[in-house]
$ cat final.csv   # CSV, C-alpha atoms and all ligand atoms
chain,number,residue,atom,x,y,z
A,1,MET,CA,-9.3,0.0,-10.1
A,2,ILE,CA,-11.4,0.5,-13.1
A,3,ILE,CA,-14.3,2.9,-12.8
A,4,LEU,CA,-17.0,3.4,-15.5
A,5,SER,CA,-19.4,6.3,-14.9
A,6,ASN,CA,-22.6,6.8,-16.8
A,7,ILE,CA,-21.3,5.1,-19.9
A,8,GLU,CA,-23.4,5.2,-23.0
A,9,LYS,CA,-22.4,3.9,-26.4
A,10,VAL,CA,-24.4,4.6,-29.5
A,11,TYR,CA,-23.3,3.3,-32.9
A,12,GLN,CA,-24.5,5.5,-35.6
A,13,THR,CA,-24.6,4.6,-39.3
A,14,LYS,CA,-26.4,6.5,-42.0
A,15,THR,CA,-29.7,4.6,-41.5
A,16,ILE,CA,-29.5,3.0,-38.1
A,17,GLU,CA,-28.7,4.0,-34.6
A,18,THR,CA,-27.9,1.2,-32.2
A,19,VAL,CA,-27.7,1.9,-28.5
A,20,ALA,CA,-25.1,-0.7,-27.4
A,21,LEU,CA,-24.7,0.5,-23.8
A,22,GLN,CA,-26.7,2.8,-21.6
A,23,GLN,CA,-26.2,4.1,-18.1
A,24,VAL,CA,-23.4,1.7,-17.2
A,25,ASN,CA,-21.9,2.4,-13.8
A,26,LEU,CA,-19.3,-0.1,-12.7
A,27,ALA,CA,-16.3,-0.2,-10.4
A,28,VAL,CA,-13.9,-3.1,-10.6
A,29,PRO,CA,-11.6,-3.1,-7.6
A,30,LYS,CA,-7.9,-3.9,-8.0
A,31,GLY,CA,-7.3,-7.6,-7.8
A,32,GLU,CA,-10.9,-8.6,-8.6
A,33,PHE,CA,-11.8,-11.4,-11.1
A,34,LEU,CA,-15.1,-10.3,-12.6
A,35,SER,CA,-17.0,-12.1,-15.3
A,36,ILE,CA,-19.6,-10.5,-17.5
A,37,MET,CA,-22.4,-12.6,-19.1
A,38,GLY,CA,-25.4,-11.8,-21.2
A,39,PRO,CA,-27.1,-12.8,-24.5
A,40,SER,CA,-25.5,-12.1,-27.9
A,41,GLY,CA,-25.6,-8.4,-28.8
A,42,CYS,CA,-26.2,-7.1,-25.3
A,43,GLY,CA,-23.0,-5.0,-25.3
A,44,LYS,CA,-20.4,-7.1,-23.6
A,45,SER,CA,-17.6,-6.7,-26.1
A,46,THR,CA,-18.4,-3.0,-26.5
A,47,LEU,CA,-18.0,-2.7,-22.7
A,48,LEU,CA,-14.7,-4.5,-22.7
A,49,ASN,CA,-13.4,-2.4,-25.6
A,50,ILE,CA,-14.3,0.8,-23.7
A,51,MET,CA,-12.6,-0.5,-20.5
A,52,GLY,CA,-9.5,-1.4,-22.6
A,53,LEU,CA,-9.4,2.1,-24.3
A,54,LEU,CA,-9.9,0.4,-27.7
A,55,ASP,CA,-13.1,2.3,-28.2
A,56,GLU,CA,-14.5,5.6,-26.8
A,57,PRO,CA,-17.9,5.9,-25.1
A,58,SER,CA,-20.5,8.3,-26.6
A,59,SER,CA,-20.8,9.8,-23.1
A,60,GLY,CA,-19.6,9.0,-19.6
A,61,THR,CA,-16.1,8.6,-18.2
A,62,VAL,CA,-13.6,5.9,-17.8
A,63,SER,CA,-10.9,5.9,-15.1
A,64,ILE,CA,-8.1,3.3,-15.0
A,65,GLY,CA,-5.8,3.0,-11.9
A,66,GLY,CA,-6.9,6.5,-10.7
A,67,GLN,CA,-6.3,8.1,-14.1
A,68,GLU,CA,-9.4,9.6,-15.7
A,69,ILE,CA,-9.3,9.2,-19.4
A,70,ARG,CA,-10.4,12.3,-21.1
A,71,SER,CA,-10.1,12.9,-24.8
A,72,TYR,CA,-6.6,11.6,-25.0
A,73,LYS,CA,-4.8,11.3,-28.3
A,74,ASP,CA,-4.4,7.9,-29.8
A,75,LYS,CA,-0.7,7.8,-28.9
A,76,GLU,CA,-1.4,8.5,-25.2
A,77,LEU,CA,-4.2,5.9,-25.2
A,78,ALA,CA,-1.8,3.3,-26.8
A,79,HIS,CA,0.8,4.1,-24.1
A,80,ILE,CA,-1.7,3.5,-21.2
A,81,ARG,CA,-3.0,0.3,-22.9
A,82,ASN,CA,0.6,-1.0,-23.4
A,83,GLU,CA,1.6,-0.2,-19.8
A,84,LYS,CA,-1.5,-1.2,-17.9
A,85,ILE,CA,-3.7,-3.6,-19.9
A,86,GLY,CA,-3.2,-7.1,-21.4
A,87,PHE,CA,-5.8,-8.4,-23.9
A,88,VAL,CA,-6.9,-12.0,-24.5
A,89,PHE,CA,-9.4,-12.7,-27.3
A,90,GLN,CA,-11.5,-15.7,-28.3
A,91,SER,CA,-9.7,-16.1,-31.6
A,92,TYR,CA,-6.2,-15.6,-30.1
A,93,HIS,CA,-5.1,-12.8,-32.5
A,94,LEU,CA,-1.6,-14.2,-32.9
A,95,VAL,CA,0.6,-13.2,-35.8
A,96,ASN,CA,1.0,-16.4,-37.9
A,97,ASP,CA,4.3,-15.7,-39.4
A,98,LEU,CA,6.0,-15.0,-36.1
A,99,SER,CA,7.3,-17.7,-33.8
A,100,VAL,CA,5.7,-18.2,-30.4
A,101,LEU,CA,8.6,-16.4,-28.7
A,102,ASP,CA,8.3,-13.4,-31.1
A,103,ASN,CA,4.5,-13.2,-30.6
A,104,VAL,CA,5.0,-13.0,-26.9
A,105,GLU,CA,7.7,-10.4,-27.2
A,106,LEU,CA,5.5,-8.1,-29.3
A,107,PRO,CA,4.1,-5.8,-26.5
A,108,LEU,CA,7.6,-5.0,-25.3
A,109,LEU,CA,8.6,-3.8,-28.8
A,110,TYR,CA,6.5,-0.7,-28.1
A,111,ARG,CA,8.2,0.0,-24.8
A,112,SER,CA,11.3,2.1,-24.7
A,113,GLY,CA,14.3,0.9,-22.9
A,114,VAL,CA,13.8,-2.9,-23.2
A,115,SER,CA,16.7,-4.6,-24.9
A,116,ALA,CA,16.3,-7.5,-27.2
A,117,SER,CA,17.9,-9.9,-24.7
A,118,GLU,CA,15.6,-8.6,-21.9
A,119,ARG,CA,12.6,-9.1,-24.2
A,120,SER,CA,13.6,-12.6,-25.0
A,121,LYS,CA,14.2,-13.4,-21.3
A,122,ARG,CA,10.8,-12.1,-20.2
A,123,ALA,CA,9.0,-13.9,-23.0
A,124,LYS,CA,10.6,-17.2,-21.9
A,125,ILE,CA,9.5,-16.5,-18.3
A,126,ALA,CA,5.9,-15.7,-19.5
A,127,LEU,CA,5.8,-18.9,-21.6
A,128,GLU,CA,7.0,-20.9,-18.7
A,129,LYS,CA,4.2,-19.5,-16.6
A,130,VAL,CA,1.6,-20.8,-19.1
A,131,GLY,CA,3.5,-24.2,-19.4
A,132,LEU,CA,4.7,-23.6,-23.0
A,133,SER,CA,8.5,-23.5,-22.6
A,134,ALA,CA,8.9,-26.3,-25.0
A,135,ARG,CA,7.2,-24.5,-27.9
A,136,THR,CA,9.1,-21.2,-28.2
A,137,LYS,CA,10.2,-21.9,-31.8
A,138,HIS,CA,6.9,-23.2,-33.1
A,139,PHE,CA,4.5,-21.1,-35.2
A,140,PRO,CA,0.9,-20.5,-34.2
A,141,ASN,CA,-0.5,-22.9,-36.8
A,142,GLN,CA,1.6,-25.7,-35.3
A,143,LEU,CA,-0.2,-25.4,-32.0
A,144,SER,CA,-3.6,-26.6,-30.6
A,145,GLY,CA,-6.3,-24.0,-29.8
A,146,GLY,CA,-5.5,-24.3,-26.1
A,147,GLN,CA,-1.8,-23.8,-26.7
A,148,ARG,CA,-2.5,-20.8,-28.9
A,149,GLN,CA,-4.6,-19.3,-26.2
A,150,ARG,CA,-1.8,-19.9,-23.7
A,151,VAL,CA,0.6,-18.0,-26.1
A,152,ALA,CA,-1.9,-15.2,-26.2
A,153,ILE,CA,-2.0,-15.1,-22.4
A,154,ALA,CA,1.8,-15.1,-22.2
A,155,ARG,CA,1.7,-12.2,-24.6
A,156,ALA,CA,-0.9,-10.4,-22.4
A,157,LEU,CA,1.1,-10.8,-19.3
A,158,ILE,CA,4.7,-10.1,-20.5
A,159,GLY,CA,4.2,-6.4,-19.9
A,160,GLN,CA,3.2,-7.1,-16.3
A,161,PRO,CA,-0.2,-5.4,-16.7
A,162,GLU,CA,-2.4,-4.5,-13.7
A,163,ILE,CA,-5.4,-5.6,-15.7
A,164,ILE,CA,-6.2,-8.4,-18.1
A,165,LEU,CA,-9.3,-8.1,-20.3
A,166,ALA,CA,-10.4,-11.4,-21.7
A,167,ASP,CA,-13.2,-11.6,-24.3
A,168,GLU,CA,-14.5,-15.2,-24.3
A,169,PRO,CA,-11.1,-16.7,-23.8
A,170,THR,CA,-12.4,-20.2,-23.6
A,171,GLY,CA,-15.0,-19.7,-26.3
A,172,ASN,CA,-13.2,-21.7,-29.1
A,173,LEU,CA,-11.9,-24.5,-26.8
A,174,ASP,CA,-13.3,-27.8,-25.6
A,175,SER,CA,-14.0,-28.2,-22.0
A,176,VAL,CA,-10.7,-29.7,-21.0
A,177,MET,CA,-8.7,-27.0,-22.7
A,178,GLY,CA,-11.1,-24.3,-21.4
A,179,GLU,CA,-10.5,-25.5,-17.9
A,180,GLU,CA,-6.7,-25.2,-18.4
A,181,ILE,CA,-7.0,-21.7,-19.6
A,182,MET,CA,-9.3,-20.8,-16.8
A,183,ASN,CA,-6.8,-22.2,-14.3
A,184,ILE,CA,-4.1,-20.1,-15.7
A,185,LEU,CA,-6.2,-17.0,-15.4
A,186,LEU,CA,-7.3,-17.9,-11.8
A,187,ASP,CA,-3.7,-18.4,-10.9
A,188,LEU,CA,-2.7,-15.0,-12.3
A,189,ASN,CA,-5.5,-13.4,-10.3
A,190,ARG,CA,-4.8,-15.2,-7.1
A,191,HIS,CA,-1.1,-15.3,-7.0
A,192,ASP,CA,-0.1,-12.2,-8.9
A,193,GLY,CA,-3.1,-10.0,-7.9
A,194,THR,CA,-3.9,-9.2,-11.6
A,195,THR,CA,-7.3,-7.7,-12.0
A,196,ILE,CA,-9.2,-9.7,-14.6
A,197,VAL,CA,-12.4,-8.9,-16.4
A,198,MET,CA,-13.7,-11.7,-18.5
A,199,VAL,CA,-16.6,-11.9,-20.9
A,200,THR,CA,-18.0,-15.4,-21.2
A,201,HIS,CA,-21.0,-17.4,-22.4
A,202,ASP,CA,-20.1,-20.3,-20.1
A,203,GLU,CA,-21.8,-20.3,-16.7
A,204,ASN,CA,-19.3,-22.9,-15.4
A,205,MET,CA,-16.3,-20.6,-16.1
A,206,ALA,CA,-18.2,-17.6,-14.6
A,207,LYS,CA,-18.9,-19.5,-11.5
A,208,LYS,CA,-15.2,-19.9,-10.8
A,209,THR,CA,-14.7,-16.1,-10.6
A,210,GLU,CA,-15.3,-13.8,-7.7
A,211,ARG,CA,-18.1,-11.7,-9.1
A,212,LEU,CA,-20.5,-12.0,-11.9
A,213,ILE,CA,-22.5,-9.3,-13.6
A,214,ARG,CA,-25.1,-9.8,-16.2
A,215,PHE,CA,-26.1,-7.6,-19.1
A,216,PHE,CA,-29.3,-7.4,-21.1
A,217,ASP,CA,-29.9,-4.9,-23.9
A,218,GLY,CA,-27.0,-2.7,-23.1
A,219,GLN,CA,-27.8,-2.4,-19.4
A,220,GLN,CA,-26.4,-4.1,-16.3
A,221,VAL,CA,-29.2,-6.2,-14.8
A,222,SER,CA,-27.5,-8.0,-12.0
A,223,ASP,CA,-24.3,-7.9,-9.9
A,224,ALA,CA,-23.4,-10.7,-7.5
A,225,LYS,CA,-20.4,-12.0,-5.6
A,226,VAL,CA,-19.8,-15.7,-6.1
A,227,TYR,CA,-19.6,-16.6,-2.5
A,228,ALA,CA,-18.4,-20.2,-2.9
A,229,ASN,CA,-15.2,-18.8,-4.5
A,230,LEU,CA,-14.6,-16.0,-1.9
A,231,GLN,CA,-14.1,-18.7,0.7
A,232,GLN,CA,-11.4,-20.4,-1.4
A,233,VAL,CA,-9.5,-17.2,-2.2
B,1,LIG,N1,-19.2,-1.2,-35.1
B,1,LIG,C1,-20.5,-1.3,-34.9
B,1,LIG,N2,-21.3,-0.6,-35.7
B,1,LIG,C2,-22.7,-0.7,-35.4
B,1,LIG,N3,-23.2,-1.4,-34.5
B,1,LIG,C3,-22.4,-2.2,-33.7
B,1,LIG,C4,-21.0,-2.1,-33.9
B,1,LIG,N4,-20.4,-3.0,-33.0
B,1,LIG,C5,-21.4,-3.5,-32.2
B,1,LIG,N5,-22.6,-3.0,-32.7
B,1,LIG,C6,-23.9,-3.3,-32.1
B,1,LIG,O1,-23.9,-3.0,-30.7
B,1,LIG,C7,-24.6,-4.1,-30.0
B,1,LIG,C8,-23.6,-4.7,-29.0
B,1,LIG,O2,-22.6,-5.4,-29.6
B,1,LIG,P1,-21.5,-6.3,-28.8
B,1,LIG,O3,-20.6,-6.8,-29.8
B,1,LIG,O4,-20.9,-5.4,-27.7
B,1,LIG,O5,-22.4,-7.4,-28.2
B,1,LIG,P2,-21.9,-8.7,-27.4
B,1,LIG,O6,-22.8,-8.8,-26.2
B,1,LIG,O7,-20.4,-8.7,-27.2
B,1,LIG,O8,-22.3,-9.9,-28.4
B,1,LIG,P3,-21.7,-11.4,-28.6
B,1,LIG,O9,-22.0,-12.2,-27.4
B,1,LIG,O10,-22.5,-11.9,-29.8
B,1,LIG,O11,-20.3,-11.2,-28.9
B,1,LIG,C9,-25.1,-5.1,-31.0
B,1,LIG,O12,-26.4,-4.8,-31.3
B,1,LIG,C10,-24.2,-4.8,-32.2
B,1,LIG,O13,-25.0,-5.1,-33.4

$ encode --input "final.csv" --output "C-alpha cells"
Amino acid sequence: MIILSNIEKVYQTKTIETVALQQVNLAVPKGEFLSIMGPSGCGKSTLLNIMGLLDEPSSGTVSIGGQEIRSYKDKELAHIRNEKIGFVFQSYHLVNDLSVLDNVELPLLYRSGVSASERSKRAKIALEKVGLSARTKHFPNQLSGGQRQRVAIARALIGQPEIILADEPTGNLDSVMGEEIMNILLDLNRHDGTTIVMVTHDENMAKKTERLIRFFDGQQVSDAKVYANLQQV
C-alpha cells in the first residue's frame, strides 16, 4: 500500500517558483495496477519520483507498505527503495558497457548476503520471465527497444519488489512492442500480485489497467476504476 497525504511539490529556482504538485491525496492498495495520465508538465513524473523516494515532497507525507517516510537519510531511503521498489523508465536506463545479465544483477549488488552465484541464478530467472533467456551475453546496444525494456523490467523485478513504478514504459516503442511490454507488466500484476503504478500518454495502455487517475496542473482531476478489466482479473 502506498499512501500520499497532502503532497505538495514546489521547485524553486532563483527567479521562478513552479508548483508541480498540490494537495495530492492518493492511496494505492497492494496489488493494484494504477495508471496516471495527464498533459505534459502536469506533474506525473514528479509524483512517481516522490512515490519512489527519489525526490522529497515540499510538504505532505509518503507511506510505503505501512512505513511512513519521515526525513530519512539518503542511505535509509536507498535501502527502502532497493528492498521494496523496482523502477522502469521510458529510456530504459541500462548500463551500456555491462552485459544483459550484469545489468539485471545490479540491484542485488547493493543487497548484503547475496552471493555471486545466487545473483546470476536470479538474473537468469528474471530474464526467463521476460522471455530473454537467449540474450544474457548481449549488450544493450545489440538489442531492440522492446528487448531493452524487457531487460529493464527483469532488472526491476530481480529484487522481488512489492511495487513497480513505471514512467512511460512503452513511450519509446512501437505498438507491437508496447503491447508486449504491457503484457509482461499485466502478468506481473495478476500472477505475482506486484503493485504497479504506471505513467503513460497512451489511452490504450491505460485502459488495460485496473484504475486510471488523471492529473492537470499538478492536481488530480479524476479517479476511475476501469470496470472492463476488473471482470477479467
Ligand atoms: N528539477 C526541476 N526544477 C524546476 N522545475 C521542474 C523540475 N522538474 C520538473 N519541473 C517542473 O514541474 C512541472 C511538472 O513536471 P513533471 O516532469 O512532473 O511533468 P510530467 O507530467 O511528468 O511531464 P511529461 O509528460 O512531459 O514528462 C513542470 O512544470 C516542470 O517544468

$ closest_atom_pairs --input "final.csv" --of "chain A" --to "ligand LIG 1 (chain B)" --cutoff "10 Å" --atoms "all atoms listed in the file" --output "Markdown table"
| residue | atom | partner | partner_atom | distance |
| --- | --- | --- | --- | --- |
| A:Lys9 | CA | B:LIG1 | O1 | 8.3 |
| A:Val10 | CA | B:LIG1 | O1 | 7.7 |
| A:Tyr11 | CA | B:LIG1 | C2 | 4.8 |
| A:Gln12 | CA | B:LIG1 | C2 | 6.5 |
| A:Thr13 | CA | B:LIG1 | C2 | 6.8 |
| A:Ile16 | CA | B:LIG1 | C2 | 8.2 |
| A:Glu17 | CA | B:LIG1 | C2 | 7.7 |
| A:Thr18 | CA | B:LIG1 | N3 | 5.8 |
| A:Val19 | CA | B:LIG1 | O1 | 6.6 |
| A:Ala20 | CA | B:LIG1 | O1 | 4.2 |
| A:Leu21 | CA | B:LIG1 | C8 | 7.4 |
| A:Ile36 | CA | B:LIG1 | O6 | 9.4 |
| A:Met37 | CA | B:LIG1 | O6 | 8.1 |
| A:Gly38 | CA | B:LIG1 | O6 | 6.4 |
| A:Pro39 | CA | B:LIG1 | O9 | 5.9 |
| A:Ser40 | CA | B:LIG1 | O9 | 3.5 |
| A:Gly41 | CA | B:LIG1 | O5 | 3.4 |
| A:Cys42 | CA | B:LIG1 | O6 | 3.9 |
| A:Gly43 | CA | B:LIG1 | O4 | 3.2 |
| A:Lys44 | CA | B:LIG1 | O6 | 3.9 |
| A:Ser45 | CA | B:LIG1 | O7 | 3.6 |
| A:Thr46 | CA | B:LIG1 | O4 | 3.7 |
| A:Leu47 | CA | B:LIG1 | O4 | 6.4 |
| A:Leu48 | CA | B:LIG1 | O4 | 8.0 |
| A:Asn49 | CA | B:LIG1 | O4 | 8.3 |
| A:Ile50 | CA | B:LIG1 | O4 | 9.9 |
| A:Asp55 | CA | B:LIG1 | N1 | 9.9 |
| A:Gln90 | CA | B:LIG1 | O11 | 9.9 |
| A:Asp167 | CA | B:LIG1 | O7 | 8.3 |
| A:Glu168 | CA | B:LIG1 | O11 | 8.4 |
| A:Val199 | CA | B:LIG1 | O7 | 8.0 |
| A:Thr200 | CA | B:LIG1 | O9 | 8.0 |
| A:His201 | CA | B:LIG1 | O9 | 7.3 |
| A:Phe215 | CA | B:LIG1 | O6 | 7.9 |
| A:Phe216 | CA | B:LIG1 | O6 | 8.4 |
| A:Asp217 | CA | B:LIG1 | C8 | 8.1 |
| A:Gly218 | CA | B:LIG1 | C8 | 7.1 |

$ closest_residue --input "final.csv" --among "A:Gly145, A:Asn6, A:Thr136, A:His79" --to "Ala27 in chain A" --atoms "all atoms listed in the file"
A:Asn6

$ atom_distance --input "final.csv" --atom1 "CA of Gln160 in chain A" --atom2 "CA of Val95 in chain A"
20.6 Å

$ residues_around --input "final.csv" --residues "Met205 in chain A" --least-positions-apart "5" --cutoff "9 Å" --atoms "only C-alpha atoms" --output "PyMOL selection string"
chain A and resi 35+170+178-179+182+200

$ closest_residue --input "final.csv" --among "A:Tyr92, A:Lys207, A:Ser99, A:Ser112" --to "Leu173 in chain A" --atoms "only C-alpha atoms"
A:Tyr92

$ atom_distance --input "final.csv" --atom1 "CA of Thr194 in chain A" --atom2 "CA of Lys129 in chain A"
14.0 Å

$ atom_distance --input "final.csv" --atom1 "CA of Leu188 in chain A" --atom2 "CA of Ser120 in chain A"
20.8 Å

$ closest_residue --input "final.csv" --among "A:Asn103, A:Gln23, A:Thr209, A:Gln142" --to "Leu185 in chain A" --atoms "only C-alpha atoms"
A:Thr209
